[in-house]
>>> print(open('my_file.pdb').read())   # PDB, C-alpha atoms
ATOM      1  CA  MET A   1     128.071 127.614  86.749
ATOM      2  CA  LYS A   2     127.492 128.103  90.469
ATOM      3  CA  THR A   3     126.815 131.562  91.854
ATOM      4  CA  ILE A   4     126.777 132.968  95.368
ATOM      5  CA  LYS A   5     123.292 132.775  96.922
ATOM      6  CA  THR A   6     121.717 134.088 100.081
ATOM      7  CA  THR A   7     118.666 131.824 100.014
ATOM      8  CA  PRO A   8     117.959 128.386  98.524
ATOM      9  CA  TYR A   9     115.898 128.026  95.378
ATOM     10  CA  VAL A  10     112.213 127.320  96.109
ATOM     11  CA  PRO A  11     110.594 124.564  93.973
ATOM     12  CA  THR A  12     107.819 125.924  91.781
ATOM     13  CA  ASP A  13     106.573 123.059  89.590
ATOM     14  CA  ILE A  14     104.562 119.990  90.533
ATOM     15  CA  SER A  15     102.586 117.624  88.328
ATOM     16  CA  VAL A  16     100.437 114.558  88.969
ATOM     17  CA  GLU A  17     100.053 111.738  86.466
ATOM     18  CA  GLU A  18      97.429 109.014  86.867
ATOM     19  CA  VAL A  19      99.240 105.789  85.965
ATOM     20  CA  GLY A  20      96.388 103.383  86.718
ATOM     21  CA  THR A  21      93.758 102.485  89.295
ATOM     22  CA  ASN A  22      94.940 103.765  92.696
ATOM     23  CA  HIS A  23      98.335 104.485  91.133
ATOM     24  CA  ILE A  24      99.834 107.945  90.520
ATOM     25  CA  ARG A  25     103.170 109.548  89.726
ATOM     26  CA  ILE A  26     104.022 112.921  91.306
ATOM     27  CA  THR A  27     106.855 115.067  89.971
ATOM     28  CA  ALA A  28     108.204 118.135  91.783
ATOM     29  CA  HIS A  29     111.131 120.428  90.889
ATOM     30  CA  PRO A  30     113.537 122.188  90.953
ATOM     31  CA  PHE A  31     115.334 121.495  94.241
ATOM     32  CA  GLU A  32     118.802 122.583  95.258
ATOM     33  CA  THR A  33     121.484 119.892  95.072
ATOM     34  CA  GLY A  34     120.951 117.442  97.936
ATOM     35  CA  TYR A  35     117.565 118.857  98.904
ATOM     36  CA  ALA A  36     115.479 116.357  96.931
ATOM     37  CA  ILE A  37     116.615 113.316  98.919
ATOM     38  CA  THR A  38     116.209 115.325 102.133
ATOM     39  CA  PHE A  39     112.477 115.621 101.462
ATOM     40  CA  ALA A  40     111.789 112.482  99.426
ATOM     41  CA  HIS A  41     112.929 109.900 101.970
ATOM     42  CA  PRO A  42     110.894 111.144 104.981
ATOM     43  CA  ILE A  43     107.818 111.640 102.784
ATOM     44  CA  ARG A  44     108.103 108.025 101.638
ATOM     45  CA  ARG A  45     108.416 106.826 105.237
ATOM     46  CA  LEU A  46     105.416 108.881 106.328
ATOM     47  CA  LEU A  47     103.322 107.540 103.468
ATOM     48  CA  MET A  48     104.056 103.984 104.606
ATOM     49  CA  SER A  49     103.788 104.562 108.349
ATOM     50  CA  SER A  50     101.158 107.277 108.895
ATOM     51  CA  SER A  51      98.423 106.449 106.364
ATOM     52  CA  LEU A  52      95.274 105.244 108.112
ATOM     53  CA  GLY A  53      93.906 101.856 107.089
ATOM     54  CA  PHE A  54      91.871  98.890 108.295
ATOM     55  CA  ALA A  55      93.000  95.376 109.164
ATOM     56  CA  PRO A  56      91.675  92.290 110.995
ATOM     57  CA  ILE A  57      93.200  92.101 114.490
ATOM     58  CA  GLY A  58      91.332  89.141 115.987
ATOM     59  CA  LEU A  59      89.842  85.851 114.779
ATOM     60  CA  GLN A  60      87.523  83.410 116.514
ATOM     61  CA  ILE A  61      86.662  80.085 114.848
ATOM     62  CA  GLU A  62      84.078  77.694 116.219
ATOM     63  CA  ASP A  63      85.685  74.573 117.772
ATOM     64  CA  VAL A  64      89.201  75.927 117.199
ATOM     65  CA  ALA A  65      91.467  76.631 120.165
ATOM     66  CA  HIS A  66      94.614  78.005 118.527
ATOM     67  CA  GLU A  67      96.144  78.911 115.179
ATOM     68  CA  PHE A  68      97.974  75.571 114.806
ATOM     69  CA  ASP A  69      94.736  73.606 114.838
ATOM     70  CA  SER A  70      92.896  72.178 111.828
ATOM     71  CA  ILE A  71      89.256  72.428 110.733
ATOM     72  CA  ARG A  72      87.280  69.403 109.595
ATOM     73  CA  GLY A  73      86.218  69.702 105.952
ATOM     74  CA  ILE A  74      88.416  72.754 105.201
ATOM     75  CA  VAL A  75      91.361  72.264 102.830
ATOM     76  CA  GLU A  76      93.481  74.905 104.591
ATOM     77  CA  ASP A  77      94.568  74.455 108.197
ATOM     78  CA  VAL A  78      94.055  77.355 110.610
ATOM     79  CA  SER A  79      97.547  78.834 110.161
ATOM     80  CA  GLN A  80      97.101  79.089 106.367
ATOM     81  CA  LEU A  81      93.576  80.460 106.809
ATOM     82  CA  VAL A  82      95.001  83.153 109.101
ATOM     83  CA  VAL A  83      97.604  84.109 106.484
ATOM     84  CA  ASN A  84      94.894  84.464 103.828
ATOM     85  CA  LEU A  85      92.521  86.439 106.057
ATOM     86  CA  LYS A  86      95.244  88.975 106.897
ATOM     87  CA  LYS A  87      95.515  89.788 103.186
ATOM     88  CA  ILE A  88      91.910  91.022 102.948
ATOM     89  CA  ARG A  89      91.799  94.797 102.527
ATOM     90  CA  PHE A  90      88.760  95.963 104.471
ATOM     91  CA  PHE A  91      87.345  99.477 104.387
ATOM     92  CA  ILE A  92      84.773 100.906 106.790
ATOM     93  CA  PRO A  93      83.473 104.274 105.537
ATOM     94  CA  ASN A  94      82.558 106.968 108.072
ATOM     95  CA  LYS A  95      83.905 104.999 111.044
ATOM     96  CA  GLU A  96      84.374 107.509 113.858
ATOM     97  CA  ASP A  97      84.664 105.419 117.041
ATOM     98  CA  SER A  98      87.772 103.546 118.162
ATOM     99  CA  GLU A  99      86.038 100.238 118.868
ATOM    100  CA  PRO A 100      86.772  97.266 116.567
ATOM    101  CA  PHE A 101      84.137  96.389 113.966
ATOM    102  CA  LYS A 102      82.807  92.886 114.714
ATOM    103  CA  ALA A 103      81.657  90.702 111.823
ATOM    104  CA  SER A 104      80.408  87.118 112.158
ATOM    105  CA  TYR A 105      80.165  84.618 109.286
ATOM    106  CA  GLN A 106      78.587  81.215 108.608
ATOM    107  CA  PHE A 107      79.711  79.303 105.528
ATOM    108  CA  LYS A 108      78.153  75.894 104.702
ATOM    109  CA  GLY A 109      78.544  73.374 101.937
ATOM    110  CA  GLU A 110      81.034  72.908  99.135
ATOM    111  CA  ARG A 111      82.390  76.224  97.925
ATOM    112  CA  ILE A 112      85.459  78.371  97.382
ATOM    113  CA  LEU A 113      85.722  81.312  99.759
ATOM    114  CA  ARG A 114      87.016  84.618  98.433
ATOM    115  CA  ALA A 115      87.601  87.950 100.121
ATOM    116  CA  GLY A 116      84.376  89.354  98.675
ATOM    117  CA  ASP A 117      82.412  86.844 100.777
ATOM    118  CA  PHE A 118      83.523  88.767 103.876
ATOM    119  CA  ALA A 119      81.918  92.068 102.902
ATOM    120  CA  VAL A 120      78.971  92.919 105.163
ATOM    121  CA  GLU A 121      76.690  95.890 105.636
ATOM    122  CA  GLY A 122      78.799  98.867 106.653
ATOM    123  CA  MET A 123      82.090  97.294 105.575
ATOM    124  CA  GLU A 124      83.610  96.960 102.106
ATOM    125  CA  VAL A 125      86.321  94.682 100.741
ATOM    126  CA  LYS A 126      88.733  96.249  98.246
ATOM    127  CA  ASN A 127      90.228  93.003  96.888
ATOM    128  CA  PRO A 128      87.123  90.771  96.533
ATOM    129  CA  ASP A 129      88.746  88.204  94.203
ATOM    130  CA  LEU A 130      91.439  87.156  96.688
ATOM    131  CA  TYR A 131      91.341  83.411  97.422
ATOM    132  CA  ILE A 132      90.754  82.557 101.099
ATOM    133  CA  ALA A 133      89.815  78.881 101.517
ATOM    134  CA  THR A 134      88.062  75.821 100.090
ATOM    135  CA  ILE A 135      85.173  74.214 101.971
ATOM    136  CA  ASN A 136      84.377  70.588 101.146
ATOM    137  CA  GLU A 137      80.904  69.082 100.830
ATOM    138  CA  GLY A 138      79.127  68.727 104.159
ATOM    139  CA  ALA A 139      81.572  70.973 106.007
ATOM    140  CA  GLU A 140      80.812  74.179 107.886
ATOM    141  CA  LEU A 141      82.943  77.173 108.841
ATOM    142  CA  ASN A 142      81.731  79.604 111.491
ATOM    143  CA  LEU A 143      84.027  82.479 112.407
ATOM    144  CA  THR A 144      84.133  86.028 113.757
ATOM    145  CA  LEU A 145      86.560  88.783 112.754
ATOM    146  CA  LEU A 146      87.434  91.972 114.610
ATOM    147  CA  ILE A 147      88.396  94.798 112.203
ATOM    148  CA  GLN A 148      90.252  97.824 113.533
ATOM    149  CA  SER A 149      91.609 101.053 112.069
ATOM    150  CA  GLY A 150      95.216 102.068 112.624
ATOM    151  CA  ILE A 151      98.532 103.072 111.091
ATOM    152  CA  GLY A 152     101.659 101.124 110.231
ATOM    153  CA  TYR A 153     102.155  97.558 111.451
ATOM    154  CA  VAL A 154     101.325  96.049 114.859
ATOM    155  CA  PRO A 155     102.489  92.492 115.706
ATOM    156  CA  SER A 156     100.059  89.983 117.179
ATOM    157  CA  GLU A 157     101.992  89.925 120.477
ATOM    158  CA  ASP A 158     100.983  93.538 121.106
ATOM    159  CA  ILE A 159      97.364  92.870 120.174
ATOM    160  CA  ARG A 160      96.775  89.773 122.317
ATOM    161  CA  GLU A 161      96.067  91.669 125.548
ATOM    162  CA  ILE A 162      93.326  93.879 124.081
ATOM    163  CA  LEU A 163      91.269  91.029 122.560
ATOM    164  CA  PRO A 164      88.283  89.325 124.188
ATOM    165  CA  GLN A 165      88.852  85.812 125.461
ATOM    166  CA  GLY A 166      88.762  83.118 122.780
ATOM    167  CA  PHE A 167      90.104  85.285 119.943
ATOM    168  CA  ILE A 168      93.323  84.518 118.074
ATOM    169  CA  PRO A 169      95.453  87.683 117.674
ATOM    170  CA  LEU A 170      96.500  88.585 114.127
ATOM    171  CA  ASP A 171      99.433  90.646 112.890
ATOM    172  CA  ALA A 172      97.830  93.898 111.735
ATOM    173  CA  PHE A 173      99.051  95.418 108.461
ATOM    174  CA  PHE A 174      97.109  98.678 108.575
ATOM    175  CA  THR A 175      98.865 100.724 105.904
ATOM    176  CA  PRO A 176      96.756 101.120 102.754
ATOM    177  CA  VAL A 177      99.844 102.121 100.759
ATOM    178  CA  LYS A 178     101.108  99.169  98.722
ATOM    179  CA  LYS A 179     104.156 100.801  97.194
ATOM    180  CA  VAL A 180     106.065 104.065  97.356
ATOM    181  CA  THR A 181     109.246 104.638  95.392
ATOM    182  CA  TYR A 182     111.058 107.790  94.362
ATOM    183  CA  GLU A 183     113.754 108.759  91.906
ATOM    184  CA  ILE A 184     116.015 111.790  91.987
ATOM    185  CA  GLU A 185     116.819 113.252  88.571
ATOM    186  CA  ASN A 186     118.903 116.216  87.484
ATOM    187  CA  VAL A 187     117.119 119.132  85.862
ATOM    188  CA  LEU A 188     118.419 122.223  84.071
ATOM    189  CA  VAL A 189     117.630 125.607  85.641
ATOM    190  CA  GLU A 190     119.152 128.829  84.343
ATOM    191  CA  ASP A 191     121.988 126.948  82.591
ATOM    192  CA  ASN A 192     122.741 125.003  85.791
ATOM    193  CA  PRO A 193     122.250 121.227  85.314
ATOM    194  CA  ASN A 194     122.731 120.390  88.992
ATOM    195  CA  TYR A 195     119.231 121.134  90.250
ATOM    196  CA  GLU A 196     117.095 118.115  91.160
ATOM    197  CA  ARG A 197     113.660 116.696  90.468
ATOM    198  CA  ILE A 198     111.745 114.192  92.659
ATOM    199  CA  VAL A 199     109.529 111.616  90.963
ATOM    200  CA  PHE A 200     107.268 109.742  93.393
ATOM    201  CA  ASP A 201     105.497 106.545  92.334
ATOM    202  CA  ILE A 202     102.616 105.813  94.747
ATOM    203  CA  GLN A 203     100.190 102.905  94.733
ATOM    204  CA  THR A 204      97.471 102.133  97.293
ATOM    205  CA  ASP A 205      95.149  99.180  97.852
ATOM    206  CA  GLY A 206      91.951 101.208  97.332
ATOM    207  CA  GLN A 207      91.237 102.089 100.969
ATOM    208  CA  ILE A 208      92.480 105.602 100.214
ATOM    209  CA  ASP A 209      93.141 107.594  97.069
ATOM    210  CA  PRO A 210      96.936 107.840  96.521
ATOM    211  CA  MET A 211      96.772 111.627  96.125
ATOM    212  CA  GLN A 212      94.933 111.932  99.442
ATOM    213  CA  ALA A 213      97.507 109.659 101.073
ATOM    214  CA  PHE A 214     100.266 111.956  99.781
ATOM    215  CA  LYS A 215      98.489 115.066 101.095
ATOM    216  CA  ASN A 216      98.007 113.415 104.490
ATOM    217  CA  ALA A 217     101.714 112.548 104.672
ATOM    218  CA  ILE A 218     102.641 116.175 103.959
ATOM    219  CA  LEU A 219     100.264 117.355 106.715
ATOM    220  CA  VAL A 220     101.801 114.869 109.162
ATOM    221  CA  MET A 221     105.304 116.086 108.264
ATOM    222  CA  HIS A 222     104.221 119.685 108.797
ATOM    223  CA  SER A 223     102.636 118.900 112.175
ATOM    224  CA  GLN A 224     105.737 116.991 113.317
ATOM    225  CA  MET A 225     108.000 119.888 112.346
ATOM    226  CA  SER A 226     105.745 122.512 113.952
ATOM    227  CA  VAL A 227     107.100 121.746 117.435
ATOM    228  CA  PHE A 228     110.329 123.539 116.512
ATOM    229  CA  GLY A 229     108.516 126.664 115.383
ATOM    230  CA  ALA A 230     106.254 126.698 118.445
ATOM    231  CA  ASP A 231     108.894 126.065 121.122
ATOM    232  CA  LEU A 232     111.812 127.922 119.566
ATOM    233  CA  SER A 233     109.789 130.890 118.255
ATOM    234  CA  LEU A 234     111.333 130.484 114.833
ATOM    235  CA  GLU A 235     110.852 133.127 112.206
ATOM    236  CA  ALA A 236     111.840 132.832 108.577
ATOM    237  CA  PRO A 237     115.138 134.674 107.969
ATOM    238  CA  ASN A 238     114.709 137.840 105.954
ATOM    239  CA  PHE A 239     117.412 137.231 103.328
ATOM    240  CA  SER A 240     115.977 139.599 100.794
ATOM    241  CA  SER A 241     113.953 142.761 101.068
ATOM    242  CA  LYS A 242     112.607 142.029  97.591
ATOM    243  CA  ASN A 243     109.948 139.520  98.663
ATOM    244  CA  ASN A 244     109.548 140.981 102.202
ATOM    245  CA  GLY A 245     108.328 137.578 103.477
ATOM    246  CA  GLU A 246     105.522 137.304 100.963
ATOM    247  CA  ASP A 247     106.813 133.919  99.792
ATOM    248  CA  SER A 248     107.580 132.520 103.259
ATOM    249  CA  ALA A 249     106.652 128.925 104.066
ATOM    250  CA  GLU A 250     104.367 130.081 106.881
ATOM    251  CA  LEU A 251     102.431 132.437 104.621
ATOM    252  CA  LYS A 252     102.011 129.669 102.045
ATOM    253  CA  THR A 253     100.565 127.447 104.780
ATOM    254  CA  LEU A 254      98.163 130.173 105.880
ATOM    255  CA  MET A 255      97.012 130.535 102.263
ATOM    256  CA  ILE A 256      96.062 126.839 101.979
ATOM    257  CA  LYS A 257      92.427 126.505 100.931
ATOM    258  CA  ILE A 258      90.173 124.766 103.450
ATOM    259  CA  ASP A 259      88.712 122.590 100.682
ATOM    260  CA  THR A 260      92.007 120.648 100.680
ATOM    261  CA  LEU A 261      91.679 119.588 104.339
ATOM    262  CA  ASN A 262      89.242 116.724 103.710
ATOM    263  CA  LEU A 263      86.708 118.167 106.166
ATOM    264  CA  SER A 264      83.261 116.633 106.510
ATOM    265  CA  ALA A 265      80.594 118.133 104.246
ATOM    266  CA  ARG A 266      78.723 119.700 107.178
ATOM    267  CA  CYS A 267      81.872 121.312 108.574
ATOM    268  CA  PHE A 268      83.040 122.621 105.179
ATOM    269  CA  ASN A 269      79.603 124.069 104.356
ATOM    270  CA  CYS A 270      79.510 126.007 107.651
ATOM    271  CA  LEU A 271      82.882 127.611 106.891
ATOM    272  CA  ASP A 272      81.988 128.222 103.252
ATOM    273  CA  ARG A 273      78.749 130.005 104.181
ATOM    274  CA  ALA A 274      80.729 132.136 106.651
ATOM    275  CA  GLY A 275      83.023 133.195 103.789
ATOM    276  CA  ILE A 276      86.083 131.446 105.222
ATOM    277  CA  CYS A 277      88.303 130.063 102.455
ATOM    278  CA  HIS A 278      91.858 129.860 103.871
ATOM    279  CA  ILE A 279      93.589 128.277 106.867
ATOM    280  CA  GLY A 280      94.921 131.650 107.938
ATOM    281  CA  GLU A 281      91.426 133.035 108.434
ATOM    282  CA  LEU A 282      90.822 130.325 111.040
ATOM    283  CA  VAL A 283      94.218 130.855 112.663
ATOM    284  CA  ILE A 284      93.687 134.581 113.329
ATOM    285  CA  MET A 285      90.163 134.052 114.698
ATOM    286  CA  GLU A 286      89.588 134.146 118.429
ATOM    287  CA  GLU A 287      88.234 130.940 119.948
ATOM    288  CA  SER A 288      84.926 132.622 120.765
ATOM    289  CA  ALA A 289      84.562 133.833 117.172
ATOM    290  CA  LEU A 290      85.250 130.365 115.824
ATOM    291  CA  LYS A 291      82.651 128.810 118.123
ATOM    292  CA  GLY A 292      80.217 131.557 117.112
ATOM    293  CA  ILE A 293      80.147 130.603 113.419
ATOM    294  CA  LYS A 294      76.522 130.028 112.485
ATOM    295  CA  ASN A 295      75.371 126.365 112.600
ATOM    296  CA  LEU A 296      78.853 125.170 113.631
ATOM    297  CA  GLY A 297      78.210 122.412 116.180
ATOM    298  CA  LYS A 298      80.600 120.918 118.716
ATOM    299  CA  LYS A 299      81.501 117.984 116.457
ATOM    300  CA  SER A 300      82.433 120.304 113.585
ATOM    301  CA  TYR A 301      84.329 122.599 115.956
ATOM    302  CA  ASP A 302      86.341 119.657 117.292
ATOM    303  CA  GLU A 303      87.076 118.562 113.709
ATOM    304  CA  ILE A 304      88.424 122.018 112.850
ATOM    305  CA  THR A 305      90.570 122.276 115.977
ATOM    306  CA  GLU A 306      92.049 118.839 115.274
ATOM    307  CA  LYS A 307      92.972 119.821 111.699
ATOM    308  CA  MET A 308      94.484 123.108 112.859
ATOM    309  CA  ALA A 309      96.572 121.314 115.473
ATOM    310  CA  GLU A 310      97.842 118.907 112.798
ATOM    311  CA  LEU A 311      98.968 121.920 110.760
ATOM    312  CA  GLY A 312     100.797 123.352 113.752
ATOM    313  CA  TYR A 313      98.273 126.103 114.506
ATOM    314  CA  PRO A 314      96.145 125.080 117.508
ATOM    315  CA  VAL A 315      93.252 127.398 118.350
ATOM    316  CA  GLY A 316      94.599 130.491 120.099
ATOM    317  CA  THR A 317      97.922 130.566 118.219
ATOM    318  CA  LYS A 318      99.319 134.114 118.077
ATOM    319  CA  LEU A 319     100.911 135.198 114.819
ATOM    320  CA  ALA A 320     103.468 137.964 114.429
ATOM    321  CA  ASP A 321     101.922 141.299 113.459
ATOM    322  CA  ASN A 322     103.874 141.445 110.179
ATOM    323  CA  THR A 323     102.704 137.929 109.284
ATOM    324  CA  ILE A 324      99.073 138.903 109.867
ATOM    325  CA  ALA A 325      99.553 142.054 107.789
ATOM    326  CA  LEU A 326     101.084 140.109 104.896
ATOM    327  CA  PHE A 327      98.349 137.482 105.070
ATOM    328  CA  GLU A 328      95.554 140.061 105.053
ATOM    329  CA  LYS A 329      97.267 141.819 102.139
ATOM    330  CA  LYS A 330      97.304 138.572 100.138
ATOM    331  CA  ILE A 331      93.674 137.808 101.039
ATOM    332  CA  ASN A 332      92.516 141.234  99.930
ATOM    333  CA  LYS A 333      94.490 140.918  96.706
ATOM    334  CA  SER A 334      93.013 137.487  95.937
ATOM    335  CA  LYS A 335      89.476 138.801  96.511
ATOM    336  CA  LYS A 336      90.096 141.711  94.142
ATOM    337  CA  ASP A 337      91.489 139.351  91.511
TER     338      ASP A 337
END
>>> encode(input="my_file.pdb", output="structure tokens")
Amino acid sequence: MKTIKTTPYVPTDISVEEVGTNHIRITAHPFETGYAITFAHPIRRLLMSSSLGFAPIGLQIEDVAHEFDSIRGIVEDVSQLVVNLKKIRFFIPNKEDSEPFKASYQFKGERILRAGDFAVEGMEVKNPDLYIATINEGAELNLTLLIQSGIGYVPSEDIREILPQGFIPLDAFFTPVKKVTYEIENVLVEDNPNYERIVFDIQTDGQIDPMQAFKNAILVMHSQMSVFGADLSLEAPNFSSKNNGEDSAELKTLMIKIDTLNLSARCFNCLDRAGICHIGELVIMEESALKGIKNLGKKSYDEITEKMAELGYPVGTKLADNTIALFEKKINKSKKD
């Protein structure tokens, strides 16, 4: 039976099930009727379009002028070779610059080429058993690949202009997320069977852990939505004096632990030694105080400011006095507990 409400029900339960390698199932509930699809669909889109991955963007083959050419002694022609190379899932750990990773290869003699043959120092291949090509006896294949990091999909037409001369542009499938589906199910809450549950099924190619991909998508959603709070000076409506804002979305964000932000080890250790555990503690700090944290270098400072901006709290953000008071109250309570 429906009752009159002054505020929507806030979901309280979430569970994560490991289905297989790089494959998880996330369940969250209960949502008000119609709310589940409102959140599930954009989260799915963000998982597919905002997850960072690596892909080959350029190919240069010795004695080959274009992708419709053929190579002496190679079973596959260039167009089929290109299709196979685009399927390789590369991963470059700790890559910080924006320049493409250049890898050159020389293959001689009769052999079957697989994706694992393209792994080099500083670059991994997550699907090493993938078939690439067959080289006949006496043949030789010399090629160079340019590997770039990015999000989503970029067609070769948009890549052509940024490549060095002599390289064939490749369609870039950056997303490391192989599959994202969701189901909306009804769930019983307080004798009401019309509440909803979201069940996400997420699978990645190994470049990123599926749980981390999900967390990143949530952070992107939050940062995209933050423009409305910043420009419109939005405050959560005070529907009930019972919670007095203690369960507001903003306060929950401020209470996020910094160990969930995927910071570098050096950056996290500096904050940990300074006794900083929550996002809110960084938000209420003055810029000078943040820069003054012991052993916090410029690179770590820039990393923190970037994360805070993604969360919608760039350095220097001013919080309402009551929000600061509630946050400090929760912090003090958590330390006592």
>>> resolve_selection(input="my_file.pdb", expression="the PyMOL selection byres ((chain A and resi 300) around 10)", output="MDAnalysis selection string")
chainID A and resid 263:268 270:271 291 295:299 301:306
>>> residues_around(input="my_file.pdb", residues="A:Ala213", least_positions_apart="2", cutoff="10 Å", atoms="all atoms listed in the file", output="list in words")
Leu46, Leu47, Met48, Ser50, Ser51, Leu52, Pro176, Val177, Ile202, Gln203, Thr204, Gln207, Ile208, Asp209, Pro210, Met211, Lys215, Asn216, Ala217, Ile218 and Leu219 of chain A
>>> residues_around(input="my_file.pdb", residues="stretch 221-224 of chain A", least_positions_apart="3", cutoff="6 Å", atoms="only C-alpha atoms", output="list in words")
Ile218, Glu310, Leu311 and Gly312 of chain A
>>> write_last_selection(input="my_file.pdb", atoms="C-alpha atoms", output="short mmCIF file (atom, residue, chain, number, x, y, z; two decimals), in the coordinates of the input")
data_model
loop_
_atom_site.label_atom_id
_atom_site.label_comp_id
_atom_site.auth_asym_id
_atom_site.auth_seq_id
_atom_site.Cartn_x
_atom_site.Cartn_y
_atom_site.Cartn_z
CA ILE A 218 102.64 116.18 103.96
CA GLU A 310 97.84 118.91 112.80
CA LEU A 311 98.97 121.92 110.76
CA GLY A 312 100.80 123.35 113.75
#
>>> residues_around(input="my_file.pdb", residues="A:Asp171", least_positions_apart="3", cutoff="9 Å", atoms="only C-alpha atoms", output="number ranges by chain")
A: 55-58, 86, 153-159
>>> write_last_selection(input="my_file.pdb", atoms="C-alpha atoms", output="tab-separated table (two decimals), keeping the file's coordinate frame")
chain	number	residue	atom	x	y	z
A	55	ALA	CA	93.00	95.38	109.16
A	56	PRO	CA	91.68	92.29	111.00
A	57	ILE	CA	93.20	92.10	114.49
A	58	GLY	CA	91.33	89.14	115.99
A	86	LYS	CA	95.24	88.98	106.90
A	153	TYR	CA	102.16	97.56	111.45
A	154	VAL	CA	101.32	96.05	114.86
A	155	PRO	CA	102.49	92.49	115.71
A	156	SER	CA	100.06	89.98	117.18
A	157	GLU	CA	101.99	89.92	120.48
A	158	ASP	CA	100.98	93.54	121.11
A	159	ILE	CA	97.36	92.87	120.17
>>> residues_around(input="my_file.pdb", residues="A:Ile324", least_positions_apart="2", cutoff="10 Å", atoms="only C-alpha atoms", output="list of chain:residue names")
A:Leu251, A:Leu254, A:Gly280, A:Glu281, A:Val283, A:Ile284, A:Lys318, A:Leu319, A:Ala320, A:Asp321, A:Asn322, A:Leu326, A:Phe327, A:Glu328, A:Lys329, A:Lys330
>>> write_last_selection(input="my_file.pdb", atoms="C-alpha atoms", output="compact mmCIF listing (two decimals), keeping the file's coordinate frame")
# COMPACT_ATOMS: atom_id res chain seq x y z
CA LEU A 251 102.43 132.44 104.62
CA LEU A 254 98.16 130.17 105.88
CA GLY A 280 94.92 131.65 107.94
CA GLU A 281 91.43 133.04 108.43
CA VAL A 283 94.22 130.85 112.66
CA ILE A 284 93.69 134.58 113.33
CA LYS A 318 99.32 134.11 118.08
CA LEU A 319 100.91 135.20 114.82
CA ALA A 320 103.47 137.96 114.43
CA ASP A 321 101.92 141.30 113.46
CA ASN A 322 103.87 141.44 110.18
CA LEU A 326 101.08 140.11 104.90
CA PHE A 327 98.35 137.48 105.07
CA GLU A 328 95.55 140.06 105.05
CA LYS A 329 97.27 141.82 102.14
CA LYS A 330 97.30 138.57 100.14
>>> residues_around(input="my_file.pdb", residues="A:Phe54", least_positions_apart="3", cutoff="12 Å", atoms="only C-alpha atoms", output="PDB file with C-alpha atoms, in the frame of the given file")
ATOM      1  CA  SER A  51      98.423 106.449 106.364  1.00  0.00           C
ATOM      2  CA  ILE A  57      93.200  92.101 114.490  1.00  0.00           C
ATOM      3  CA  LYS A  86      95.244  88.975 106.897  1.00  0.00           C
ATOM      4  CA  LYS A  87      95.515  89.788 103.186  1.00  0.00           C
ATOM      5  CA  ILE A  88      91.910  91.022 102.948  1.00  0.00           C
ATOM      6  CA  ARG A  89      91.799  94.797 102.527  1.00  0.00           C
ATOM      7  CA  PHE A  90      88.760  95.963 104.471  1.00  0.00           C
ATOM      8  CA  PHE A  91      87.345  99.477 104.387  1.00  0.00           C
ATOM      9  CA  ILE A  92      84.773 100.906 106.790  1.00  0.00           C
ATOM     10  CA  PRO A  93      83.473 104.274 105.537  1.00  0.00           C
ATOM     11  CA  LYS A  95      83.905 104.999 111.044  1.00  0.00           C
ATOM     12  CA  SER A  98      87.772 103.546 118.162  1.00  0.00           C
ATOM     13  CA  PRO A 100      86.772  97.266 116.567  1.00  0.00           C
ATOM     14  CA  PHE A 101      84.137  96.389 113.966  1.00  0.00           C
ATOM     15  CA  MET A 123      82.090  97.294 105.575  1.00  0.00           C
ATOM     16  CA  GLU A 124      83.610  96.960 102.106  1.00  0.00           C
ATOM     17  CA  VAL A 125      86.321  94.682 100.741  1.00  0.00           C
ATOM     18  CA  LYS A 126      88.733  96.249  98.246  1.00  0.00           C
ATOM     19  CA  LEU A 146      87.434  91.972 114.610  1.00  0.00           C
ATOM     20  CA  ILE A 147      88.396  94.798 112.203  1.00  0.00           C
ATOM     21  CA  GLN A 148      90.252  97.824 113.533  1.00  0.00           C
ATOM     22  CA  SER A 149      91.609 101.053 112.069  1.00  0.00           C
ATOM     23  CA  GLY A 150      95.216 102.068 112.624  1.00  0.00           C
ATOM     24  CA  ILE A 151      98.532 103.072 111.091  1.00  0.00           C
ATOM     25  CA  GLY A 152     101.659 101.124 110.231  1.00  0.00           C
ATOM     26  CA  TYR A 153     102.155  97.558 111.451  1.00  0.00           C
ATOM     27  CA  VAL A 154     101.325  96.049 114.859  1.00  0.00           C
ATOM     28  CA  ALA A 172      97.830  93.898 111.735  1.00  0.00           C
ATOM     29  CA  PHE A 173      99.051  95.418 108.461  1.00  0.00           C
ATOM     30  CA  PHE A 174      97.109  98.678 108.575  1.00  0.00           C
ATOM     31  CA  THR A 175      98.865 100.724 105.904  1.00  0.00           C
ATOM     32  CA  PRO A 176      96.756 101.120 102.754  1.00  0.00           C
ATOM     33  CA  VAL A 177      99.844 102.121 100.759  1.00  0.00           C
ATOM     34  CA  ASP A 205      95.149  99.180  97.852  1.00  0.00           C
ATOM     35  CA  GLY A 206      91.951 101.208  97.332  1.00  0.00           C
ATOM     36  CA  GLN A 207      91.237 102.089 100.969  1.00  0.00           C
ATOM     37  CA  ILE A 208      92.480 105.602 100.214  1.00  0.00           C
TER      38      ILE A 208
END
>>> resolve_selection(input="my_file.pdb", expression="the PyMOL selection byres ((chain A and resi 104) around 12)", output="list of chain:residue names")
A:Gly58, A:Leu59, A:Gln60, A:Ile61, A:Glu62, A:Phe101, A:Lys102, A:Ala103, A:Tyr105, A:Gln106, A:Phe107, A:Asp117, A:Phe118, A:Ala119, A:Val120, A:Glu121, A:Leu141, A:Asn142, A:Leu143, A:Thr144, A:Leu145, A:Leu146, A:Ile147
>>> atom_distance(input="my_file.pdb", atom1="atom CA of A:Arg25", atom2="atom CA of A:Glu190")
25.6 Å
